[in-house]
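**Student:** Pasting start06.tsv below, which is TSV, C-alpha atoms.
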chain	number	residue	atom	x	y	z
A	54	GLN	CA	0.00	0.00	0.00
A	55	LEU	CA	2.84	2.40	0.82
A	56	ILE	CA	5.93	1.15	-1.01
A	57	GLN	CA	4.37	0.93	-4.48
A	58	THR	CA	3.50	4.64	-4.49
A	59	GLN	CA	6.46	5.89	-2.48
A	60	LYS	CA	8.80	6.05	-5.47
A	61	TYR	CA	6.51	8.56	-7.17
A	62	ILE	CA	6.45	10.66	-4.02
A	63	ILE	CA	10.25	10.60	-3.76
A	64	ASP	CA	10.51	11.64	-7.41
A	65	PHE	CA	8.21	14.56	-6.62
A	66	ILE	CA	10.38	15.68	-3.69
A	67	ASP	CA	13.68	15.25	-5.55
A	68	ASN	CA	12.67	16.58	-8.98
A	69	LEU	CA	9.47	18.52	-8.27
A	70	ASN	CA	7.52	16.29	-10.66
A	71	TYR	CA	3.97	16.53	-9.41
A	72	PRO	CA	2.92	13.01	-8.30
A	73	PHE	CA	-0.10	12.58	-10.54
A	74	VAL	CA	-0.11	9.12	-12.15
A	75	PHE	CA	-2.56	7.18	-14.26
A	76	ASN	CA	-3.73	3.84	-12.96
A	77	LEU	CA	-6.23	1.75	-14.95
A	78	ALA	CA	-7.10	4.85	-17.02
A	79	ASN	CA	-8.08	6.78	-13.89
A	80	GLY	CA	-6.10	9.78	-12.74
A	81	PHE	CA	-4.79	9.30	-9.20
A	82	ASP	CA	-3.30	12.21	-7.27
A	83	LEU	CA	-0.66	10.72	-4.98
A	84	ILE	CA	-0.66	13.75	-2.68
A	85	ALA	CA	-4.23	12.68	-1.98
A	86	ASP	CA	-2.82	9.36	-0.71
A	87	SER	CA	-2.48	11.00	2.69
A	88	PRO	CA	-0.85	8.03	4.54
A	89	GLN	CA	2.32	8.84	2.58
A	90	SER	CA	2.75	12.01	4.72
A	91	VAL	CA	4.35	13.56	1.63
A	92	LEU	CA	3.90	17.19	2.71
A	93	HIS	CA	5.06	16.62	6.26
A	94	PRO	CA	8.31	18.65	6.80
A	95	LEU	CA	10.05	15.73	8.55
A	96	TYR	CA	9.30	13.44	5.59
A	97	VAL	CA	10.93	15.95	3.22
A	98	VAL	CA	14.00	16.43	5.45
A	99	ILE	CA	14.56	12.67	5.84
A	100	ASN	CA	14.36	12.25	2.08
A	101	PHE	CA	17.18	14.74	1.52
A	102	PHE	CA	19.58	12.93	3.85
A	103	LEU	CA	18.60	9.31	3.21
A	104	ASP	CA	20.19	7.26	0.44
A	105	ASP	CA	18.11	4.11	0.90
A	106	LYS	CA	14.67	5.56	0.10
A	107	ILE	CA	12.89	2.27	0.71
A	108	ILE	CA	13.21	2.73	4.49
A	109	LEU	CA	12.03	6.35	4.47
A	110	GLN	CA	8.65	5.54	6.00
A	111	SER	CA	10.26	3.33	8.66
A	112	ILE	CA	12.63	6.11	9.73
A	113	PHE	CA	9.71	8.53	9.78
A	114	VAL	CA	7.77	6.26	12.16
A	115	LYS	CA	10.77	5.53	14.41
A	116	ILE	CA	11.50	9.23	14.89
A	117	HIS	CA	7.87	9.81	15.80
A	118	MET	CA	7.94	6.91	18.27
A	119	PHE	CA	10.99	8.47	19.94
A	120	PHE	CA	9.23	11.81	20.29
A	121	PHE	CA	6.09	10.03	21.54
A	122	ILE	CA	8.12	8.58	24.43
A	123	LEU	CA	9.81	11.95	25.00
A	124	GLY	CA	6.45	13.75	25.02
A	125	LEU	CA	5.04	11.27	27.53
A	126	TYR	CA	8.05	11.80	29.76
A	127	PHE	CA	7.64	15.61	29.78
A	128	TYR	CA	3.90	15.30	30.36
A	129	LEU	CA	4.20	12.80	33.22
A	130	LYS	CA	7.24	14.19	35.03
A	131	ASP	CA	5.38	17.12	36.61
A	132	LYS	CA	2.28	15.09	37.41
A	133	ILE	CA	3.68	11.84	38.84
A	134	ASN	CA	6.12	12.11	41.75
A	135	ASN	CA	7.08	8.44	41.61
A	136	ASN	CA	9.81	7.70	39.04
A	137	ILE	CA	9.20	3.92	39.03
A	138	ILE	CA	5.50	4.38	38.25
A	139	SER	CA	6.37	6.92	35.53
A	140	ILE	CA	8.82	4.53	33.83
A	141	ILE	CA	6.31	1.65	34.02
A	142	LEU	CA	3.57	3.79	32.46
A	143	ILE	CA	5.80	5.09	29.65
A	144	PHE	CA	7.09	1.60	28.90
A	145	SER	CA	3.58	0.11	28.97
A	146	ILE	CA	1.94	2.54	26.53
A	147	SER	CA	4.91	2.77	24.14
A	148	ASN	CA	5.16	-1.05	24.01
A	149	SER	CA	1.46	-1.88	24.05
A	150	MET	CA	0.33	-4.39	21.42
A	151	ALA	CA	-1.88	-1.96	19.54
A	152	PHE	CA	1.01	0.47	18.97
A	153	THR	CA	3.98	-1.82	18.40
A	154	GLU	CA	2.24	-4.41	16.21
A	155	ASN	CA	0.37	-2.03	13.91
A	156	ILE	CA	3.23	-1.77	11.43
A	157	SER	CA	0.79	-2.08	8.53
A	158	HIS	CA	-0.61	1.34	9.52
A	159	PRO	CA	2.50	3.39	10.44
A	160	PHE	CA	0.61	6.69	10.15
A	161	PHE	CA	-1.57	5.64	13.12
A	162	ILE	CA	1.53	5.42	15.30
A	163	SER	CA	3.02	8.69	14.05
A	164	VAL	CA	-0.15	10.69	14.80
A	165	TYR	CA	0.06	9.81	18.49
A	166	CYS	CA	3.49	11.42	18.82
A	167	TYR	CA	1.82	14.85	18.89
A	168	PHE	CA	-0.83	14.13	21.52
A	169	PRO	CA	1.35	14.55	24.67
A	170	PHE	CA	2.86	17.79	23.34
A	171	ILE	CA	-0.56	19.17	22.38
A	172	LEU	CA	-1.90	18.41	25.87
A	173	ILE	CA	1.15	20.12	27.39
A	174	MET	CA	0.40	23.21	25.28
A	175	VAL	CA	-3.31	23.13	26.24
A	176	ASP	CA	-2.34	23.05	29.95
A	177	LYS	CA	0.05	25.97	29.43
A	178	ILE	CA	-2.57	27.97	27.50
A	179	ILE	CA	-5.13	27.42	30.26
A	180	LEU	CA	-2.62	28.71	32.84
A	181	ASN	CA	-0.77	31.45	30.95
A	182	SER	CA	-2.27	32.21	27.50
A	183	LYS	CA	1.03	33.48	26.10
A	184	ARG	CA	1.18	34.16	22.36
A	185	LEU	CA	4.11	31.77	21.86
A	186	GLU	CA	2.09	28.92	23.41
A	187	PHE	CA	-0.76	29.49	20.94
A	188	ILE	CA	1.78	29.45	18.08
A	189	PHE	CA	3.31	26.15	19.21
A	190	PHE	CA	-0.17	24.69	19.71
A	191	THR	CA	-1.14	25.61	16.13
A	192	LEU	CA	2.15	24.27	14.76
A	193	LEU	CA	1.73	20.92	16.55
A	194	LEU	CA	-1.84	20.54	15.26
A	195	THR	CA	-0.68	21.32	11.71
A	196	LEU	CA	2.08	18.70	11.87
A	197	MET	CA	-0.42	16.21	13.30
A	198	LEU	CA	-2.75	16.82	10.33
A	199	LEU	CA	0.08	16.47	7.81
A	200	VAL	CA	0.83	12.93	9.04
A	201	GLY	CA	-2.25	11.96	7.03
A	202	HIS	CA	-5.08	9.42	7.00
A	203	PHE	CA	-7.11	11.68	9.38
A	204	GLN	CA	-9.24	9.15	11.25
A	205	HIS	CA	-7.12	9.33	14.38
A	206	GLN	CA	-6.80	13.09	14.07
A	207	PHE	CA	-10.61	13.28	13.98
A	208	ILE	CA	-10.87	10.99	17.03
A	209	PHE	CA	-8.33	13.14	18.91
A	210	LEU	CA	-10.10	16.38	17.97
A	211	CYS	CA	-13.41	14.88	19.19
A	212	PHE	CA	-11.70	14.21	22.52
A	213	LEU	CA	-10.16	17.68	22.59
A	214	MET	CA	-13.59	19.31	22.09
A	215	VAL	CA	-15.14	17.18	24.86
A	216	TYR	CA	-12.19	18.08	27.10
A	217	LEU	CA	-12.39	21.83	26.40
A	218	VAL	CA	-16.20	22.04	26.66
A	219	GLN	CA	-16.08	20.31	30.04
A	220	LYS	CA	-13.41	22.78	31.20
A	221	LEU	CA	-15.61	25.60	29.96
A	222	ILE	CA	-18.69	24.26	31.81
A	223	VAL	CA	-16.84	23.94	35.14
A	224	LYS	CA	-15.28	27.39	34.53
A	225	LYS	CA	-11.67	26.23	34.50
A	226	ILE	CA	-11.33	28.06	31.19
A	227	ASN	CA	-13.10	31.26	30.14
A	228	PHE	CA	-15.06	31.64	26.90
A	229	ARG	CA	-12.48	33.99	25.33
A	230	LYS	CA	-9.69	31.46	25.81
A	231	PHE	CA	-11.94	28.68	24.49
A	232	ILE	CA	-12.58	30.69	21.28
A	233	ASP	CA	-8.85	31.42	20.92
A	234	ILE	CA	-8.08	27.68	21.02
A	235	ILE	CA	-10.80	26.97	18.42
A	236	PHE	CA	-9.31	29.72	16.25
A	237	CYS	CA	-5.88	28.05	16.46
A	238	ILE	CA	-7.44	24.74	15.38
A	239	MET	CA	-9.02	26.50	12.36
A	240	ILE	CA	-5.66	28.10	11.44
A	241	SER	CA	-3.96	24.68	11.54
A	242	PHE	CA	-6.56	23.33	9.10
A	243	ILE	CA	-5.97	26.28	6.77
A	244	ILE	CA	-2.20	25.72	6.81
A	245	ALA	CA	-2.75	22.01	6.07
A	246	LEU	CA	-5.09	22.71	3.11
A	247	PRO	CA	-2.46	21.72	0.47
A	248	GLN	CA	-2.78	18.20	1.92
A	249	LEU	CA	-6.45	18.28	2.88
A	250	LEU	CA	-7.87	19.54	-0.42
A	251	PRO	CA	-6.43	16.76	-2.65
A	252	VAL	CA	-7.65	14.18	-0.12
A	253	PHE	CA	-11.12	15.73	-0.16
A	254	ASP	CA	-11.12	15.82	-3.97
A	255	LEU	CA	-10.16	12.14	-4.19
A	256	MET	CA	-12.69	11.23	-1.51
A	257	LEU	CA	-15.51	12.71	-3.63
A	258	THR	CA	-14.81	10.12	-6.33
A	259	GLY	CA	-14.64	7.16	-3.94
A	260	GLU	CA	-16.61	5.19	-1.42
A	261	ARG	CA	-15.84	7.66	1.40
A	262	SER	CA	-18.00	10.31	-0.28
A	263	ASN	CA	-21.08	8.45	1.00
A	264	ILE	CA	-22.23	8.88	4.58
A	265	GLY	CA	-23.34	5.87	6.60
A	266	GLY	CA	-23.75	2.27	5.55
A	267	ILE	CA	-23.42	-0.94	7.51
A	268	GLY	CA	-19.84	-1.34	6.25
A	269	ARG	CA	-18.75	1.47	8.57
A	270	PHE	CA	-19.45	-0.83	11.53
A	271	SER	CA	-16.99	-3.52	10.51
A	272	GLN	CA	-14.53	-3.89	13.40
A	273	SER	CA	-16.91	-2.80	16.14
A	274	LEU	CA	-15.76	-3.46	19.71
A	275	SER	CA	-17.33	-6.57	21.20
A	276	GLY	CA	-16.83	-8.68	24.30
A	277	LEU	CA	-13.78	-10.31	22.71
A	278	GLY	CA	-12.09	-6.94	22.34
A	279	ILE	CA	-12.89	-5.93	25.91
A	280	THR	CA	-11.47	-9.19	27.33
A	281	GLY	CA	-8.19	-8.36	25.57
A	282	TYR	CA	-7.42	-5.79	28.29
A	283	LEU	CA	-7.28	-8.61	30.85
A	284	PHE	CA	-6.65	-11.77	28.80
A	285	PRO	CA	-4.78	-10.89	25.57
A	286	GLY	CA	-4.45	-14.55	24.59
A	287	PHE	CA	-8.19	-15.19	24.72
A	288	ASN	CA	-8.86	-13.27	21.49
A	289	LEU	CA	-6.13	-15.18	19.61
A	290	THR	CA	-7.33	-18.53	21.00
A	291	PHE	CA	-10.90	-17.87	19.88
A	292	PHE	CA	-9.68	-16.79	16.42
A	293	LYS	CA	-7.47	-19.87	16.05
A	294	TYR	CA	-9.86	-22.57	17.24
A	295	PHE	CA	-13.32	-21.09	16.54
A	296	GLN	CA	-12.75	-19.15	13.35
A	297	ASP	CA	-16.20	-20.05	11.97
A	298	HIS	CA	-17.81	-18.15	14.84
A	299	TYR	CA	-15.17	-15.43	15.28
A	300	ASN	CA	-16.82	-12.84	13.03
A	301	LEU	CA	-20.20	-13.49	14.63
A	302	PHE	CA	-18.87	-12.33	18.00
A	303	SER	CA	-16.34	-9.76	16.85
A	304	THR	CA	-17.61	-8.05	13.63
A	305	ALA	CA	-14.17	-8.94	12.27
A	306	PRO	CA	-11.64	-6.72	14.08
A	307	SER	CA	-8.13	-7.73	13.08
A	308	LEU	CA	-5.93	-9.22	15.77
A	309	VAL	CA	-3.68	-6.15	15.38
A	310	GLU	CA	-6.25	-3.40	15.76
A	311	GLY	CA	-8.59	-5.39	17.97
A	312	LEU	CA	-6.16	-6.31	20.76
A	313	HIS	CA	-5.58	-3.50	23.26
A	314	TYR	CA	-3.63	-5.05	26.11
A	315	ILE	CA	-1.78	-2.25	27.96
A	316	GLY	CA	-0.46	-4.28	30.90
A	317	ILE	CA	-2.10	-5.34	34.15
A	318	LEU	CA	-0.41	-2.77	36.44
A	319	PRO	CA	-1.63	0.34	34.53
A	320	LEU	CA	-5.10	-1.21	34.46
A	321	VAL	CA	-4.92	-1.84	38.23
A	322	ILE	CA	-3.87	1.77	38.95
A	323	PHE	CA	-6.61	3.09	36.64
A	324	SER	CA	-9.23	0.93	38.40
A	325	PHE	CA	-7.85	2.02	41.78
A	326	PHE	CA	-8.33	5.70	40.90
A	327	LEU	CA	-11.85	5.01	39.66
A	328	THR	CA	-12.78	3.68	43.09
A	329	LYS	CA	-11.09	6.64	44.78
A	330	ILE	CA	-12.78	9.36	42.70
A	331	ASN	CA	-16.12	7.50	42.67
A	332	LYS	CA	-18.99	10.05	42.64
A	333	ASP	CA	-16.88	12.83	41.08
A	334	LEU	CA	-15.92	10.79	38.01
A	335	PHE	CA	-18.27	12.68	35.69
A	336	LYS	CA	-16.61	15.94	36.68
A	337	ASP	CA	-13.36	14.62	35.19
A	338	ALA	CA	-12.92	15.66	31.54
A	339	ILE	CA	-10.57	12.76	30.74
A	340	PHE	CA	-12.94	10.16	32.17
A	341	ILE	CA	-15.88	11.64	30.23
A	342	SER	CA	-13.76	11.47	27.05
A	343	ILE	CA	-12.83	7.83	27.75
A	344	ILE	CA	-16.51	6.92	28.12
A	345	PHE	CA	-17.42	8.81	24.92
A	346	LEU	CA	-14.67	7.11	22.90
A	347	PHE	CA	-15.44	3.69	24.38
A	348	LEU	CA	-19.09	4.04	23.33
A	349	ARG	CA	-17.95	5.12	19.85
A	350	ALA	CA	-15.69	2.03	19.71
A	351	LEU	CA	-18.72	-0.21	20.33
A	352	GLY	CA	-19.92	0.74	16.84
A	353	ILE	CA	-23.02	-1.23	15.93
A	354	PHE	CA	-23.38	-2.45	19.53
A	355	PHE	CA	-24.30	1.06	20.80
A	356	ILE	CA	-27.54	2.52	19.47
A	357	LEU	CA	-26.41	6.18	19.36
A	358	ASN	CA	-23.75	5.24	16.80
A	359	LEU	CA	-26.53	4.23	14.40
A	360	PHE	CA	-27.59	7.89	14.29
A	361	LEU	CA	-24.05	9.32	14.26
A	362	ASN	CA	-23.34	7.04	11.30
A	363	TYR	CA	-25.42	9.36	9.11
A	364	LEU	CA	-23.60	12.56	10.09
A	365	PRO	CA	-20.65	13.99	8.10
A	366	LEU	CA	-17.24	12.73	9.29
A	367	PHE	CA	-18.79	10.44	11.93
A	368	GLY	CA	-20.27	8.37	9.10
A	369	GLN	CA	-17.23	8.43	6.82
A	370	PHE	CA	-14.68	6.53	8.88
A	371	ARG	CA	-14.79	2.77	9.32
A	372	ALA	CA	-13.42	0.49	12.06
A	373	PRO	CA	-14.95	1.97	15.24
A	374	ILE	CA	-12.57	-0.12	17.34
A	375	ARG	CA	-9.79	2.32	16.40
A	376	ASN	CA	-11.24	4.69	19.01
A	377	LEU	CA	-9.60	2.40	21.58
A	378	TYR	CA	-6.14	3.64	20.56
A	379	LEU	CA	-6.98	6.97	22.15
A	380	VAL	CA	-8.76	5.25	25.07
A	381	ASP	CA	-5.48	3.42	25.81
A	382	PHE	CA	-3.58	6.71	25.72
A	383	LEU	CA	-6.14	8.56	27.86
A	384	ILE	CA	-6.06	5.86	30.55
A	385	PHE	CA	-2.45	6.88	31.18
A	386	ILE	CA	-3.33	10.59	31.07
A	387	PHE	CA	-6.14	9.94	33.59
A	388	ILE	CA	-3.64	8.23	35.90
A	389	ALA	CA	-1.18	11.12	35.56
A	390	ILE	CA	-3.71	13.88	36.26
A	391	ASN	CA	-5.10	12.17	39.37
A	392	PHE	CA	-1.85	10.71	40.70
A	393	LYS	CA	-0.78	13.32	43.27
A	394	LYS	CA	-4.32	13.73	44.58
A	395	TYR	CA	-5.29	10.08	45.07
A	396	PHE	CA	-2.16	7.90	45.04
A	397	LEU	CA	-1.27	6.26	48.35
A	398	ILE	CA	0.95	3.19	48.26
A	399	SER	CA	-0.69	1.46	51.23
A	400	ASP	CA	-4.18	1.81	49.71
A	401	LEU	CA	-2.90	0.64	46.33
A	402	ARG	CA	-1.30	-2.42	47.91
A	403	ASN	CA	-4.63	-3.46	49.44
A	404	PHE	CA	-6.43	-2.85	46.15
A	405	VAL	CA	-3.83	-4.88	44.19
A	406	TYR	CA	-4.35	-7.81	46.57
A	407	LYS	CA	-8.13	-7.78	45.95
A	408	PHE	CA	-7.70	-7.26	42.19
A	409	TYR	CA	-5.33	-10.18	41.72
A	410	LYS	CA	-7.52	-12.43	43.88
A	411	TYR	CA	-10.45	-11.92	41.49
A	412	TYR	CA	-8.13	-11.98	38.45
A	413	ILE	CA	-6.69	-15.39	39.36
A	414	PHE	CA	-10.20	-16.66	40.10
A	415	LEU	CA	-11.30	-15.61	36.58
A	416	ILE	CA	-8.31	-17.31	34.95
A	417	LEU	CA	-8.97	-20.55	36.83
A	418	SER	CA	-12.68	-20.41	35.95
A	419	ILE	CA	-11.93	-19.97	32.24
A	420	PHE	CA	-9.37	-22.81	32.40
A	421	LEU	CA	-11.85	-25.17	34.10
A	422	ILE	CA	-14.61	-24.32	31.60
A	423	ALA	CA	-12.20	-24.98	28.72
A	424	MET	CA	-11.20	-28.32	30.26
A	425	PHE	CA	-14.85	-29.27	30.80
A	426	PHE	CA	-15.75	-28.70	27.15
A	427	GLY	CA	-12.55	-30.39	25.98
A	428	PHE	CA	-10.93	-27.33	24.42
What's the structure tokens form of this structure?
**Tutor:**
Amino acid sequence: QLIQTQKYIIDFIDNLNYPFVFNLANGFDLIADSPQSVLHPLYVVINFFLDDKIILQSIFVKIHMFFFILGLYFYLKDKINNNIISIILIFSISNSMAFTENISHPFFISVYCYFPFILIMVDKIILNSKRLEFIFFTLLLTLMLLVGHFQHQFIFLCFLMVYLVQKLIVKKINFRKFIDIIFCIMISFIIALPQLLPVFDLMLTGERSNIGGIGRFSQSLSGLGITGYLFPGFNLTFFKYFQDHYNLFSTAPSLVEGLHYIGILPLVIFSFFLTKINKDLFKDAIFISIIFLFLRALGIFFILNLFLNYLPLFGQFRAPIRNLYLVDFLIFIFIAINFKKYFLISDLRNFVYKFYKYYIFLILSIFLIAMFFGF
């Protein structure tokens, strides 16, 4: 999908030959093939210094993964006063299955590099509102858009709007500042128009021009996907031994995009904070966003999505389960934001004991059921 068109892109960068090729008598604008990230400044810079062009996309992704880890470090270091917990969280999210195994969609991984830095800028804008912070915020959003593909950018911007509106409602941000942030988002879209317009033009001639359709619900989150957070091997086992029934229970999420195991310890800490915050959960903007994205990930299994499926943008992206990428990320952000307020090692130790008691009981129950039915 990427390599066969990359040579035309490289020719465009090196010789300024516009990448417009004819395929099966149909004109195809390769700038409109947004996953190539052809107009991203980093992509252009790497091309100038790289002799082996075939690994250009790989280098692009690896650099973004490095900055993703760096961004997480800067975001977490002021919020978590326990270095061991910080290292565990950074290692867990940067090595989670959904991120490290999704090599077939490298643009998904690259998009997430910008999220920690954007959240850092949002926090700074809420506190200071300096002009330079608005400029950096706009620049980061523009670079995020230029990575391409746009589904994960749309998911992130949905979260960002939920986050900002909640801050506005609880008066942690005034209306003027809220409008300034929206203006910066609009400016970033204007700057990215050389990439966005060809994509939109190509979309009008393809299947994505239509809103809705049952095909948009392929890869909806089901019980199999949810169990992956606790039992990552269960999904694979079901796929391997019960393939005839796999699609019936899963609406066909791939084992790459459908498996979102982030580690037991982060899940334990997240659950621990949920019990601590309890009645005030729906005052937390991150938790509200997690719930919203989780319900979107359910796809056909949540009735509201049937209506959203016939709205622009909401009804033009497939694979609802991809919302879980951002859910995974926000679980760590939720932990970071609430860490200093609710973390107490003695309370966590007691909670871990109870959690693992039920966890082991579940594993043994599944094992005994499997033995009983002769699996």
**Student:** What is the atom CA of A:Tyr409-atom CA of A:Ile141 distance in Å, reported with one decimal?
**Tutor:**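 If I compute the distance from atom CA of A:Tyr409 to atom CA of A:Ile141, I get 18.3 Å.
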**Student:** Choose the residue, out of A:Leu415, A:Ala85, A:Ala372, A:Leu125, that has the smallest atom-to-atom separation from A:Val252; count all atoms listed in the file.
**Tutor:**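 Nearest to A:Val252: A:Ala85.
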**Student:** Under the rule that all atoms listed in the file are counted, which of A:Asn227, A:Asn391, A:Ser139, A:Ser145 is the nearest residue to A:Asp337?
**Tutor:** A:Asn391
**Student:** Using only C-alpha atoms, pick whichever of A:Val218, A:Met118, A:Leu198, A:Leu397 has the shortest atom-to-atom distance to A:Ser342.
**Tutor:**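 Comparing A:Val218, A:Met118, A:Leu198, A:Leu397 against A:Ser342, the winner is A:Val218.
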**Student:** What separation in Å, quoted to one decimal, exists between atom CA of A:Ile140 and atom CA of A:Glu186?
**Tutor:**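 One can read the atom CA of A:Ile140 to atom CA of A:Glu186 distance as 27.4 Å.
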**Student:** Would you compute the distance between atom CA of A:Gly286 and atom CA of A:Leu348? Give it in Å to one decimal.
**Tutor:**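 Going from atom CA of A:Gly286 over to atom CA of A:Leu348, I get 23.7 Å.
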**Student:** Neighbouring residues of A:Ile234 were defined as those with any atom within 12 Å, considering all atoms listed in the file; residues of the same chain fewer than 6 positions away were excluded. Please report them as a list of chain:residue names.
**Tutor:**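 Close residues of A:Ile234: A:Ile171, A:Met174, A:Val175, A:Asp176, A:Lys177, A:Ile178, A:Ile179, A:Ser182, A:Lys183, A:Arg184, A:Glu186, A:Phe187, A:Ile188, A:Phe189, A:Phe190, A:Thr191, A:Leu194, A:Leu210, A:Leu213, A:Met214, A:Leu217, A:Val218, A:Leu221, A:Ile226, A:Asn227, A:Phe228, A:Ile240, A:Ser241.
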**Student:** So, counting all atoms listed in the file, which residue among A:Leu142, A:Leu364, A:Leu327, A:Ile390 is closest to A:Ile315?
**Tutor:**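 The answer is A:Leu142, which sits nearest to A:Ile315.
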**Student:** I want to know what sits within 12 Å of A:Phe119, based on all atoms listed in the file, with residues of the same chain fewer than 5 positions away left out; could you give that as an MDAnalysis selection string?
**Tutor:** chainID A and resid 112:114 124:126 143:144 147:148 162:163 165:167
**Student:** My list of candidates is A:Phe101, A:Lys407, A:Ile344, A:Phe284. Which is closest to A:Ile419 when distances are computed with all atoms listed in the file?
**Tutor:**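 Going through A:Phe101, A:Lys407, A:Ile344, A:Phe284 one by one, the smallest distance to A:Ile419 is for A:Phe284.
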**Student:** Do you know which residues are at most 12 Å from A:Phe345 counting only C-alpha atoms, after dropping those on the same chain fewer than 6 positions away, and could you put them as a tab-separated table (two decimals) with C-alpha atoms, in the coordinates of the input?
**Tutor:**
chain	number	residue	atom	x	y	z
A	208	ILE	CA	-10.87	10.99	17.03
A	209	PHE	CA	-8.33	13.14	18.91
A	211	CYS	CA	-13.41	14.88	19.19
A	212	PHE	CA	-11.70	14.21	22.52
A	213	LEU	CA	-10.16	17.68	22.59
A	214	MET	CA	-13.59	19.31	22.09
A	215	VAL	CA	-15.14	17.18	24.86
A	216	TYR	CA	-12.19	18.08	27.10
A	335	PHE	CA	-18.27	12.68	35.69
A	338	ALA	CA	-12.92	15.66	31.54
A	339	ILE	CA	-10.57	12.76	30.74
A	351	LEU	CA	-18.72	-0.21	20.33
A	352	GLY	CA	-19.92	0.74	16.84
A	355	PHE	CA	-24.30	1.06	20.80
A	357	LEU	CA	-26.41	6.18	19.36
A	358	ASN	CA	-23.75	5.24	16.80
A	376	ASN	CA	-11.24	4.69	19.01
A	377	LEU	CA	-9.60	2.40	21.58
A	379	LEU	CA	-6.98	6.97	22.15
A	380	VAL	CA	-8.76	5.25	25.07
A	383	LEU	CA	-6.14	8.56	27.86
**Student:** Which residue out of A:Lys106, A:Lys224, A:His202, A:Lys329 has the minimum interatomic distance to A:Asp86 when only C-alpha atoms are used?
**Tutor:**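 The shortest atom-to-atom distance to A:Asp86 comes from A:His202.
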**Student:** Starting from 3 Å padding per side, set up an axis-aligned box that covers all listed atoms of stretch 267-282 of chain A and hand over centre and edge lengths in Å, one decimal, as lines of an AutoDock Vina configuration file.
**Tutor:**
center_x = -15.4
center_y = -4.4
center_z = 17.3
size_x = 22.0
size_y = 17.8
size_z = 28.0
**Student:** Applying 12 Å and only C-alpha atoms, which residues near A:Gly201 remain after dropping the ones on its own chain fewer than 5 positions away? List them as a ChimeraX atom specification.
**Tutor:** /A:84-93,96,158-165,194-196,206-207,245-249,251-252
**Student:** Would you kindly return, as a count of residues only, each protein, DNA or RNA residue with an atom no farther than 8 Å from any atom of stretch 287-294 of chain A, considering only C-alpha atoms and excluding same-chain residues fewer than 5 positions away?
**Tutor:** 7
**Student:** Give me stretch 358-371 of chain A with N, CA and C atoms filled in, as a PDB file, in the frame of the given file.
**Tutor:**
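After the write, rebuild_2.pdb holds the following:
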ATOM      1  N   ASN A 358     -24.632   5.265  17.967  1.00  0.00           N
ATOM      2  CA  ASN A 358     -23.750   5.240  16.800  1.00  0.00           C
ATOM      3  C   ASN A 358     -24.532   5.035  15.496  1.00  0.00           C
ATOM      4  N   LEU A 359     -25.702   4.410  15.585  1.00  0.00           N
ATOM      5  CA  LEU A 359     -26.530   4.230  14.400  1.00  0.00           C
ATOM      6  C   LEU A 359     -26.991   5.567  13.838  1.00  0.00           C
ATOM      7  N   PHE A 360     -27.203   6.541  14.721  1.00  0.00           N
ATOM      8  CA  PHE A 360     -27.590   7.890  14.290  1.00  0.00           C
ATOM      9  C   PHE A 360     -26.369   8.701  13.846  1.00  0.00           C
ATOM     10  N   LEU A 361     -25.278   8.596  14.615  1.00  0.00           N
ATOM     11  CA  LEU A 361     -24.050   9.320  14.260  1.00  0.00           C
ATOM     12  C   LEU A 361     -23.510   8.848  12.916  1.00  0.00           C
ATOM     13  N   ASN A 362     -23.819   7.612  12.552  1.00  0.00           N
ATOM     14  CA  ASN A 362     -23.340   7.040  11.300  1.00  0.00           C
ATOM     15  C   ASN A 362     -23.845   7.798  10.068  1.00  0.00           C
ATOM     16  N   TYR A 363     -24.869   8.607  10.239  1.00  0.00           N
ATOM     17  CA  TYR A 363     -25.420   9.360   9.110  1.00  0.00           C
ATOM     18  C   TYR A 363     -25.131  10.855   9.224  1.00  0.00           C
ATOM     19  N   LEU A 364     -24.093  11.186  10.009  1.00  0.00           N
ATOM     20  CA  LEU A 364     -23.600  12.560  10.090  1.00  0.00           C
ATOM     21  C   LEU A 364     -22.269  12.657   9.362  1.00  0.00           C
ATOM     22  N   PRO A 365     -21.960  13.817   8.756  1.00  0.00           N
ATOM     23  CA  PRO A 365     -20.650  13.990   8.100  1.00  0.00           C
ATOM     24  C   PRO A 365     -19.506  13.686   9.073  1.00  0.00           C
ATOM     25  N   LEU A 366     -18.441  13.138   8.556  1.00  0.00           N
ATOM     26  CA  LEU A 366     -17.240  12.730   9.290  1.00  0.00           C
ATOM     27  C   LEU A 366     -17.507  11.519  10.177  1.00  0.00           C
ATOM     28  N   PHE A 367     -18.471  11.591  11.084  1.00  0.00           N
ATOM     29  CA  PHE A 367     -18.790  10.440  11.930  1.00  0.00           C
ATOM     30  C   PHE A 367     -19.143   9.225  11.076  1.00  0.00           C
ATOM     31  N   GLY A 368     -19.829   9.467   9.959  1.00  0.00           N
ATOM     32  CA  GLY A 368     -20.270   8.370   9.100  1.00  0.00           C
ATOM     33  C   GLY A 368     -19.373   8.097   7.928  1.00  0.00           C
ATOM     34  N   GLN A 369     -18.131   8.638   7.956  1.00  0.00           N
ATOM     35  CA  GLN A 369     -17.230   8.430   6.820  1.00  0.00           C
ATOM     36  C   GLN A 369     -15.956   7.690   7.188  1.00  0.00           C
ATOM     37  N   PHE A 370     -15.819   7.327   8.450  1.00  0.00           N
ATOM     38  CA  PHE A 370     -14.680   6.530   8.880  1.00  0.00           C
ATOM     39  C   PHE A 370     -15.155   5.157   9.323  1.00  0.00           C
ATOM     40  N   ARG A 371     -14.424   4.124   8.932  1.00  0.00           N
ATOM     41  CA  ARG A 371     -14.790   2.770   9.320  1.00  0.00           C
ATOM     42  C   ARG A 371     -14.007   2.350  10.568  1.00  0.00           C
TER      43      ARG A 371
END
